[in-house]
Amino acid sequence: MSAAELDALFGDAWDEANPVGHAAVLAADERQEMLADGERILDEYCLNAEFVPVAYGGRWDRADRLAEVLRTVWRRDPCLGLGYGFSSLIASVNIWTAGDEDQRRRAAGLLLANRRIAAAFHELAHGNDFAHAECAARPDGGGWRLSGRKEIVTNLRRAEAMVLFARTGTAAGSRGHSQFLLVRDDLPAARLRDLPRFPSSGMRGVQLGGVEFDGCPVPGDALIGAPGQGIEVALRSYQVTRAVGAAMFAGPLETALRLAIRCSLDRRLYGGAAADLPYVRAAIARAYADLLTIDTFSAVVLRALHLAPESMAVYAPAAKYLTARILLDAFADLRAVLGARSYLRQGPYAMFQKLARDVAPATFAHISLTAALVALLPQLPRLARKSWLTDPAASPALFDLGGDLPALSLHRLSAGMPRHDGIIGALAEIAGGTPPRGSDPVRRFTVRCEEELRRVRDGCAALGPADLTIDAPPTAFALADRYTTLLAAASALAVGRHGGEEAGVLGTLDRLTERMGGPAVLTPAEREETERRLFDQAVARCLEDAPLGLFPLRTPN
């Protein structure tokens, strides 16, 4: 099975008679329901098999292939993407990372039977601050006794099982929590109570619920890993889901871009098509460049899961943060193209307002943007002093997006601080060596990025202990933000060496250096030509119903 086969099952999104087309998706959203016909298609495809390693009977062998399939779902309906699929992936990765053989086989059996596993981590009082979670499991004979509550959990009422994060120790620090695989049928119904569903303005079809435990007995074999490993296991597992999640963001952006292109071609303004206006053309070109940026950066980070897993503690939160920021900015550009139509809940472009509402919570779910930067801050001083501008570049295979990959080894993921940064090493190598393939503008972008790297390195090397926590000053957060932009720019430059299309590379680098600040790298004429080429390419692909971004990757199915 492949993403192309799944896309074929979904059919023509613009066909109003299609039970899983845009019209049906919008109708389900108005009812605040999951699209039942969409779930039936995902059952037929057995989407959950994508989350199960091949060794346990599933189809999961490559992270980029997994992201490609999920992007296909998110392109059609983010509610299906989260409510049917991604929530089970978030939960199950913890089992593949630290579960025993029986737990892995039990999880695989549930998922391959089209069942759901919820990720019961969050508590409203603490959000992403898992170290202060209060839901507690206390030793009770050979098992545990669970008390407390979890809230804002996707699919909790509909899931047959959950991976639950609970306090198992009283001491402060990272060893006071553990994870449990709980199957509903194994728990006494009188000892847990489902809390009311939380309504939401975005992802309205996704069932967000909660559960309260009252001295609920839990079998001893439900513990995932060893007692006190809950945070460590989560930090390692999240490196997978944050990398995959960053790539999924391109799905709804691609659909929004198609809507904006169609609207600009159909809409009449000032005696012609809206697409004839320079501002509209530039906005579409910028959003298309943003899509290529998300694709390029996330594809490199997905390959790093296989090729440089020891660096994922930095790359995964960086990708989650920057791709979410780019996604929101691109939607703002496209909203200006659609104008008032971007708010309409009926008509040919009504899908845009749903996507805009859905991507807003998606960008902070799992980890907020601030929390992603907080995860980066402690890593930056050491990398600045010991790695940047001294480490060698990562293997060229990291930037060959169609190349083979070794098997994914979750045990190589580490919750500790990475010692090396091969993506930034690639930037330093490109800046110090032969000019990158192609034009003088690419060389100028390289020089600008190297200058920015030196400024960020000096700033990060000067950070003190008080600058590395949630209480850090804005200047520290700004440095972390700029570092994520440099990672994406280095990825674009290195991928460009392997044959990236020049207008796409220039457009990506132009958008990223805009985020860095300072004077423009491209001359006005160069920017105009780049945007013209990007606009023409995006329109041509849209009219041909061809993929707009780098995906689908040339990966084996």
# chains A, B, ... in the order shown; residues from 1 in each chain; ligands from 1
>>> residues_around(residues="Ala336 of chain A", least_positions_apart="5", cutoff="12 Å", atoms="only C-alpha atoms", output="ChimeraX atom specification")
/A:257,260,263-264,274,279-284,287,329-331,341-343,352
>>> select_by_dssp(residues="segment 172-408 of chain A", states="alpha helix (DSSP H)", output="MDAnalysis selection string")
chainID A and resid 230:248 250:266 278:307 312:338 351:364 369:376 380:386
>>> write_last_selection(atoms="C-alpha atoms", output="tab-separated table (two decimals), in the first residue's frame")
chain	number	residue	atom	x	y	z
A	230	GLY	CA	8.23	8.15	31.86
A	231	ILE	CA	9.79	11.48	30.93
A	232	GLU	CA	12.85	9.90	29.31
A	233	VAL	CA	10.70	7.60	27.17
A	234	ALA	CA	8.45	10.51	26.17
A	235	LEU	CA	11.41	12.70	25.21
A	236	ARG	CA	12.81	9.97	22.99
A	237	SER	CA	9.45	9.07	21.45
A	238	TYR	CA	8.54	12.68	20.77
A	239	GLN	CA	11.57	12.97	18.53
A	240	VAL	CA	9.75	10.69	16.11
A	241	THR	CA	6.31	12.24	16.33
A	242	ARG	CA	7.53	15.84	16.20
A	243	ALA	CA	9.56	15.11	13.09
A	244	VAL	CA	6.63	13.36	11.41
A	245	GLY	CA	4.25	16.08	12.57
A	246	ALA	CA	6.39	18.79	11.01
A	247	ALA	CA	6.13	17.07	7.63
A	248	MET	CA	2.34	16.65	7.95
A	250	ALA	CA	2.52	20.58	4.40
A	251	GLY	CA	-0.73	18.68	3.76
A	252	PRO	CA	-3.27	21.34	4.77
A	253	LEU	CA	-1.02	24.07	3.37
A	254	GLU	CA	-1.02	22.35	-0.02
A	255	THR	CA	-4.83	22.25	-0.06
A	256	ALA	CA	-5.06	25.88	1.06
A	257	LEU	CA	-2.66	26.86	-1.70
A	258	ARG	CA	-4.78	25.07	-4.29
A	259	LEU	CA	-7.87	26.89	-3.01
A	260	ALA	CA	-6.09	30.25	-3.24
A	261	ILE	CA	-4.85	29.54	-6.77
A	262	ARG	CA	-8.30	28.51	-7.96
A	263	CYS	CA	-9.85	31.57	-6.36
A	264	SER	CA	-7.26	33.91	-7.89
A	265	LEU	CA	-7.93	32.47	-11.35
A	266	ASP	CA	-11.74	32.60	-10.98
A	278	PRO	CA	1.24	41.56	-8.83
A	279	TYR	CA	0.41	41.42	-5.10
A	280	VAL	CA	-1.72	38.30	-5.51
A	281	ARG	CA	0.92	36.58	-7.63
A	282	ALA	CA	3.62	37.43	-5.09
A	283	ALA	CA	1.51	36.17	-2.16
A	284	ILE	CA	0.89	32.84	-3.88
A	285	ALA	CA	4.58	32.55	-4.80
A	286	ARG	CA	5.60	33.22	-1.19
A	287	ALA	CA	3.18	30.63	0.16
A	288	TYR	CA	4.44	28.12	-2.39
A	289	ALA	CA	8.01	28.84	-1.28
A	290	ASP	CA	6.87	28.28	2.30
A	291	LEU	CA	5.45	24.89	1.31
A	292	LEU	CA	8.77	23.94	-0.28
A	293	THR	CA	10.58	25.14	2.84
A	294	ILE	CA	8.48	22.91	5.10
A	295	ASP	CA	8.96	19.99	2.73
A	296	THR	CA	12.72	20.42	2.47
A	297	PHE	CA	13.44	20.95	6.16
A	298	SER	CA	11.09	18.23	7.39
A	299	ALA	CA	12.41	15.74	4.82
A	300	VAL	CA	15.98	16.27	6.05
A	301	VAL	CA	14.88	15.89	9.69
A	302	LEU	CA	12.97	12.70	8.86
A	303	ARG	CA	16.10	11.27	7.26
A	304	ALA	CA	18.06	12.30	10.36
A	305	LEU	CA	15.85	9.94	12.39
A	306	HIS	CA	17.58	7.12	10.48
A	307	LEU	CA	21.01	8.62	9.80
A	312	MET	CA	17.18	14.45	17.11
A	313	ALA	CA	16.82	16.02	20.56
A	314	VAL	CA	17.65	19.28	18.76
A	315	TYR	CA	16.33	18.68	15.25
A	316	ALA	CA	12.85	17.43	16.22
A	317	PRO	CA	11.73	20.42	18.35
A	318	ALA	CA	13.40	22.79	15.87
A	319	ALA	CA	11.42	21.30	13.00
A	320	LYS	CA	8.16	21.35	14.96
A	321	TYR	CA	8.66	25.00	15.92
A	322	LEU	CA	9.74	26.46	12.59
A	323	THR	CA	7.36	24.53	10.35
A	324	ALA	CA	4.44	25.58	12.57
A	325	ARG	CA	5.50	29.22	12.39
A	326	ILE	CA	5.86	29.03	8.61
A	327	LEU	CA	2.49	27.31	8.28
A	328	LEU	CA	0.66	30.05	10.18
A	329	ASP	CA	2.41	32.81	8.22
A	330	ALA	CA	1.61	31.12	4.90
A	331	PHE	CA	-2.07	30.87	5.83
A	332	ALA	CA	-2.04	34.60	6.59
A	333	ASP	CA	-0.63	35.31	3.11
A	334	LEU	CA	-3.23	33.10	1.46
A	335	ARG	CA	-6.05	34.63	3.50
A	336	ALA	CA	-5.17	37.96	1.87
A	337	VAL	CA	-5.56	36.34	-1.56
A	338	LEU	CA	-9.04	34.99	-0.79
A	351	MET	CA	-12.65	24.55	2.91
A	352	PHE	CA	-10.12	27.32	3.56
A	353	GLN	CA	-11.76	28.55	6.77
A	354	LYS	CA	-11.95	25.01	8.11
A	355	LEU	CA	-8.27	24.38	7.36
A	356	ALA	CA	-7.30	27.71	8.94
A	357	ARG	CA	-9.19	26.77	12.12
A	358	ASP	CA	-7.77	23.25	12.15
A	359	VAL	CA	-4.10	24.15	11.73
A	360	ALA	CA	-4.13	26.65	14.61
A	361	PRO	CA	-4.51	24.01	17.37
A	362	ALA	CA	-2.39	21.54	15.39
A	363	THR	CA	0.61	23.87	15.65
A	364	PHE	CA	0.57	23.87	19.45
A	369	LEU	CA	5.89	26.64	20.11
A	370	THR	CA	7.27	28.16	23.30
A	371	ALA	CA	7.84	24.71	24.78
A	372	ALA	CA	9.73	23.70	21.63
A	373	LEU	CA	12.10	26.64	22.08
A	374	VAL	CA	12.48	25.81	25.78
A	375	ALA	CA	13.54	22.30	24.72
A	376	LEU	CA	16.21	23.85	22.47
A	380	LEU	CA	22.53	25.82	22.31
A	381	PRO	CA	25.49	27.05	24.44
A	382	ARG	CA	27.32	23.76	24.16
A	383	LEU	CA	26.72	23.46	20.41
A	384	ALA	CA	27.84	27.06	19.95
A	385	ARG	CA	31.08	26.51	21.86
A	386	LYS	CA	31.94	22.96	20.76
>>> closest_residue(among="A:Ser92, A:Ser409, A:Thr446, A:Asn155", to="Ala431 of chain A", atoms="only C-alpha atoms")
A:Thr446
>>> residues_around(residues="Glu33 of chain A", least_positions_apart="3", cutoff="10 Å", atoms="only C-alpha atoms", output="ChimeraX atom specification")
/A:25,27-30,36,79,203-207
>>> write_last_selection(atoms="N, CA and C atoms", output="CSV table (one decimal), in the first residue's frame")
chain,number,residue,atom,x,y,z
A,25,VAL,N,-16.6,16.8,3.9
A,25,VAL,CA,-15.8,17.2,5.1
A,25,VAL,C,-16.3,18.4,5.8
A,27,ALA,N,-19.5,19.4,5.8
A,27,ALA,CA,-20.7,19.1,6.4
A,27,ALA,C,-20.5,18.4,7.8
A,28,ALA,N,-19.5,17.5,7.8
A,28,ALA,CA,-19.2,16.8,9.1
A,28,ALA,C,-18.6,17.8,10.1
A,29,ASP,N,-17.9,18.8,9.6
A,29,ASP,CA,-17.3,19.8,10.5
A,29,ASP,C,-18.4,20.7,11.1
A,30,GLU,N,-19.5,21.0,10.3
A,30,GLU,CA,-20.6,21.7,10.8
A,30,GLU,C,-21.3,21.0,11.9
A,36,ALA,N,-17.5,10.0,9.0
A,36,ALA,CA,-17.6,8.5,9.1
A,36,ALA,C,-17.1,7.8,7.8
A,79,CYS,N,-8.9,16.8,10.7
A,79,CYS,CA,-9.6,16.1,11.8
A,79,CYS,C,-9.4,14.6,11.6
A,203,MET,N,-10.5,21.8,14.7
A,203,MET,CA,-10.5,20.3,14.9
A,203,MET,C,-11.9,20.0,15.5
A,204,ARG,N,-13.0,20.5,15.0
A,204,ARG,CA,-14.3,20.4,15.7
A,204,ARG,C,-14.8,18.9,15.6
A,205,GLY,N,-14.3,18.1,14.7
A,205,GLY,CA,-14.7,16.7,14.6
A,205,GLY,C,-14.0,15.8,15.6
A,206,VAL,N,-12.9,16.3,16.1
A,206,VAL,CA,-12.0,15.5,16.9
A,206,VAL,C,-12.6,15.5,18.3
A,207,GLN,N,-12.8,14.3,18.9
A,207,GLN,CA,-13.3,14.2,20.3
A,207,GLN,C,-12.2,14.3,21.3
>>> closest_residue(among="A:Ala503, A:Met516, A:Ala226, A:Ala462", to="Arg533 of chain A", atoms="only C-alpha atoms")
A:Ala503
>>> select_by_dssp(residues="segment 240-284 of chain A", states="strand (DSSP E or B)", output="NGL selection string")
:A and (268-269 or 272-273)
>>> residues_around(residues="segment 452-460 of chain A", least_positions_apart="5", cutoff="12 Å", atoms="only C-alpha atoms", output="PyMOL selection string")
chain A and resi 376-390+424-425+427-428+431+445-447+465+467-468+475-487+489-490+512-518
>>> closest_residue(among="A:Ala131, A:Ala415, A:Ala136, A:Ala118", to="Glu160 of chain A", atoms="only C-alpha atoms")
A:Ala118
